[in-house]
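Dropping run.pdb in here (PDB, C-alpha atoms):
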```
ATOM      1  CA  MET A   1      -8.057 -17.743  15.952  1.00  0.00           C
ATOM      2  CA  VAL A   2      -9.538 -16.014  12.908  1.00  0.00           C
ATOM      3  CA  ARG A   3      -7.854 -16.895   9.632  1.00  0.00           C
ATOM      4  CA  ASN A   4      -8.047 -15.340   6.201  1.00  0.00           C
ATOM      5  CA  ASN A   5      -8.969 -18.069   3.715  1.00  0.00           C
ATOM      6  CA  THR A   6      -7.877 -16.242   0.564  1.00  0.00           C
ATOM      7  CA  ALA A   7      -8.853 -19.180  -1.678  1.00  0.00           C
ATOM      8  CA  LEU A   8     -12.502 -18.736  -0.633  1.00  0.00           C
ATOM      9  CA  SER A   9     -12.305 -14.947  -0.003  1.00  0.00           C
ATOM     10  CA  ARG A  10     -13.511 -15.219   3.558  1.00  0.00           C
ATOM     11  CA  TYR A  11     -12.391 -14.864   7.142  1.00  0.00           C
ATOM     12  CA  GLU A  12     -13.067 -17.998   9.177  1.00  0.00           C
ATOM     13  CA  LEU A  13     -13.338 -18.970  12.831  1.00  0.00           C
ATOM     14  CA  ASP A  14     -13.609 -22.638  13.821  1.00  0.00           C
ATOM     15  CA  VAL A  15     -15.567 -23.423  16.974  1.00  0.00           C
ATOM     16  CA  ASP A  16     -16.761 -26.834  18.154  1.00  0.00           C
ATOM     17  CA  GLY A  17     -16.094 -28.482  14.803  1.00  0.00           C
ATOM     18  CA  THR A  18     -18.013 -25.922  12.742  1.00  0.00           C
ATOM     19  CA  THR A  19     -16.958 -22.737  10.972  1.00  0.00           C
ATOM     20  CA  ALA A  20     -18.327 -19.212  11.164  1.00  0.00           C
ATOM     21  CA  PHE A  21     -17.265 -17.039   8.250  1.00  0.00           C
ATOM     22  CA  ALA A  22     -17.346 -13.574   6.741  1.00  0.00           C
ATOM     23  CA  ASN A  23     -17.244 -13.387   2.942  1.00  0.00           C
ATOM     24  CA  TYR A  24     -15.425 -10.481   1.347  1.00  0.00           C
ATOM     25  CA  ARG A  25     -14.473  -8.863  -1.942  1.00  0.00           C
ATOM     26  CA  LEU A  26     -11.273  -6.930  -2.464  1.00  0.00           C
ATOM     27  CA  ALA A  27     -11.090  -3.444  -3.946  1.00  0.00           C
ATOM     28  CA  PRO A  28      -8.009  -1.227  -4.190  1.00  0.00           C
ATOM     29  CA  GLY A  29      -6.935  -0.653  -0.578  1.00  0.00           C
ATOM     30  CA  LYS A  30     -10.220  -2.024   0.776  1.00  0.00           C
ATOM     31  CA  VAL A  31     -11.876  -5.198   1.997  1.00  0.00           C
ATOM     32  CA  ILE A  32     -15.645  -5.224   1.465  1.00  0.00           C
ATOM     33  CA  ILE A  33     -17.256  -7.658   3.902  1.00  0.00           C
ATOM     34  CA  THR A  34     -20.401  -8.781   2.107  1.00  0.00           C
ATOM     35  CA  HIS A  35     -21.884 -11.442   4.378  1.00  0.00           C
ATOM     36  CA  THR A  36     -21.316 -13.042   7.765  1.00  0.00           C
ATOM     37  CA  GLU A  37     -22.658 -16.437   8.708  1.00  0.00           C
ATOM     38  CA  THR A  38     -22.631 -18.287  12.000  1.00  0.00           C
ATOM     39  CA  PRO A  39     -23.850 -21.899  12.133  1.00  0.00           C
ATOM     40  CA  ARG A  40     -27.064 -22.235  14.122  1.00  0.00           C
ATOM     41  CA  ALA A  41     -25.349 -24.251  16.862  1.00  0.00           C
ATOM     42  CA  LEU A  42     -22.944 -21.357  17.518  1.00  0.00           C
ATOM     43  CA  ARG A  43     -25.422 -18.487  17.595  1.00  0.00           C
ATOM     44  CA  SER A  44     -25.949 -16.301  20.669  1.00  0.00           C
ATOM     45  CA  ARG A  45     -22.445 -17.042  21.938  1.00  0.00           C
ATOM     46  CA  GLY A  46     -20.609 -13.991  20.613  1.00  0.00           C
ATOM     47  CA  ILE A  47     -18.901 -16.023  17.883  1.00  0.00           C
ATOM     48  CA  ALA A  48     -19.812 -13.597  15.080  1.00  0.00           C
ATOM     49  CA  SER A  49     -18.404 -10.709  17.107  1.00  0.00           C
ATOM     50  CA  ARG A  50     -15.149 -12.601  17.667  1.00  0.00           C
ATOM     51  CA  LEU A  51     -15.013 -13.337  13.949  1.00  0.00           C
ATOM     52  CA  VAL A  52     -15.548  -9.727  12.901  1.00  0.00           C
ATOM     53  CA  ARG A  53     -13.093  -8.420  15.514  1.00  0.00           C
ATOM     54  CA  GLY A  54     -10.419 -10.812  14.231  1.00  0.00           C
ATOM     55  CA  ALA A  55     -11.115  -9.853  10.625  1.00  0.00           C
ATOM     56  CA  LEU A  56     -10.889  -6.146  11.438  1.00  0.00           C
ATOM     57  CA  GLU A  57      -7.618  -6.650  13.310  1.00  0.00           C
ATOM     58  CA  GLN A  58      -6.156  -8.419  10.266  1.00  0.00           C
ATOM     59  CA  ILE A  59      -7.457  -5.735   7.905  1.00  0.00           C
ATOM     60  CA  ARG A  60      -5.824  -3.084  10.095  1.00  0.00           C
ATOM     61  CA  ALA A  61      -2.536  -5.023  10.279  1.00  0.00           C
ATOM     62  CA  ASP A  62      -2.533  -5.297   6.475  1.00  0.00           C
ATOM     63  CA  GLY A  63      -2.895  -1.510   6.163  1.00  0.00           C
ATOM     64  CA  LEU A  64      -6.290  -1.799   4.462  1.00  0.00           C
ATOM     65  CA  LYS A  65      -9.708  -0.262   5.091  1.00  0.00           C
ATOM     66  CA  VAL A  66     -13.024  -2.040   5.529  1.00  0.00           C
ATOM     67  CA  VAL A  67     -16.338  -1.402   3.831  1.00  0.00           C
ATOM     68  CA  ALA A  68     -19.273  -2.844   5.758  1.00  0.00           C
ATOM     69  CA  GLY A  69     -21.455  -4.535   3.165  1.00  0.00           C
ATOM     70  CA  CYS A  70     -23.498  -6.537   5.645  1.00  0.00           C
ATOM     71  CA  GLY A  71     -25.745  -5.431   8.476  1.00  0.00           C
ATOM     72  CA  PHE A  72     -23.891  -7.313  11.201  1.00  0.00           C
ATOM     73  CA  VAL A  73     -20.611  -5.558  10.382  1.00  0.00           C
ATOM     74  CA  VAL A  74     -22.380  -2.178  10.237  1.00  0.00           C
ATOM     75  CA  ASP A  75     -23.831  -2.796  13.723  1.00  0.00           C
ATOM     76  CA  TYR A  76     -20.495  -4.060  15.051  1.00  0.00           C
ATOM     77  CA  LEU A  77     -18.649  -0.976  13.839  1.00  0.00           C
ATOM     78  CA  GLU A  78     -21.259   1.325  15.405  1.00  0.00           C
ATOM     79  CA  LYS A  79     -20.734  -0.405  18.770  1.00  0.00           C
ATOM     80  CA  HIS A  80     -16.927  -0.500  18.510  1.00  0.00           C
ATOM     81  CA  PRO A  81     -15.512   2.948  17.727  1.00  0.00           C
ATOM     82  CA  GLU A  82     -12.009   1.619  18.398  1.00  0.00           C
ATOM     83  CA  PHE A  83     -12.119   0.390  14.786  1.00  0.00           C
ATOM     84  CA  SER A  84     -13.102   3.763  13.287  1.00  0.00           C
ATOM     85  CA  ASP A  85      -9.592   4.127  11.840  1.00  0.00           C
ATOM     86  CA  VAL A  86     -10.192   1.040   9.676  1.00  0.00           C
ATOM     87  CA  VAL A  87     -13.497   2.200   8.163  1.00  0.00           C
ATOM     88  CA  ALA A  88     -13.266   3.395   4.574  1.00  0.00           C
TER      89      ALA A  88
END
```
Target encoding structure tokens, full file:
Amino acid sequence: MVRNNTALSRYELDVDGTTAFANYRLAPGKVIITHTETPRALRSRGIASRLVRGALEQIRADGLKVVAGCGFVVDYLEKHPEFSDVVA
């Protein structure tokens, strides 16, 4: 389950005792995702995609828009047009 850690300004997903995360900055009506990071042990397992999907679902539920400030999120959004309504 992806959670919004507002104290650290990042979305987090715990897997196998480690945490993948997506850092963000807030702007009026927008969440700017600036960086995603997946621990080496979790790479190539689709964890980053699960993280970004969960973050986008929360952003949508909060009535906000997303600005892709990192390459992974840009690529994810290109491959998942079902989130086009969330893109600022």
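If you measure from each of A:Lys79, A:Thr36, A:Leu42, A:Gly29 to Asp62 in chain A using all atoms listed in the file, the closest one turns out to be A:Gly29.
Applied to the file shown here, the PyMOL selection byres ((chain A and resi 11) around 8) selects the residues Val2, Arg3, Asn4, Asn5, Ser9, Arg10, Glu12, Leu13, Phe21, Ala22, Asn23, Tyr24, Leu51 and Ala55 of chain A.
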Any chance you could work out the residue set of the PyMOL selection byres ((chain A and resi 73) around 12) here, as a PyMOL selection string? chain A and resi 22-24+32-37+48-53+55-56+66-72+74-80+83+87
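For the pair CA of Arg40 in chain A and CA of Thr19 in chain A, the interatomic distance is 10.6 Å.
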Using 5 Å of padding on each side, determine the axis-aligned box around all atoms of range 2-14 of chain A present in the file and give its centre and edge lengths in Å to one decimal, as JSON.
```
{"center_x": -10.7, "center_y": -18.8, "center_z": 6.1, "size_x": 15.8, "size_y": 17.8, "size_z": 25.5}
```
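With distances restricted to only C-alpha atoms, A:Leu64 is the closest residue to Val31 in chain A from A:Val86, A:Val15, A:Leu64, A:Ile47.
The gap separating CA of Gly54 in chain A from CA of Ala7 in chain A is 18.0 Å, in Å to one decimal.
Note that the spacing between CA of Gln58 in chain A and CA of Asp85 in chain A amounts to 13.1 Å.
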With distances taken over only C-alpha atoms, which residue among A:Lys30, A:Pro81, A:Ala41, A:Met1 lies nearest Thr18 in chain A? A:Ala41
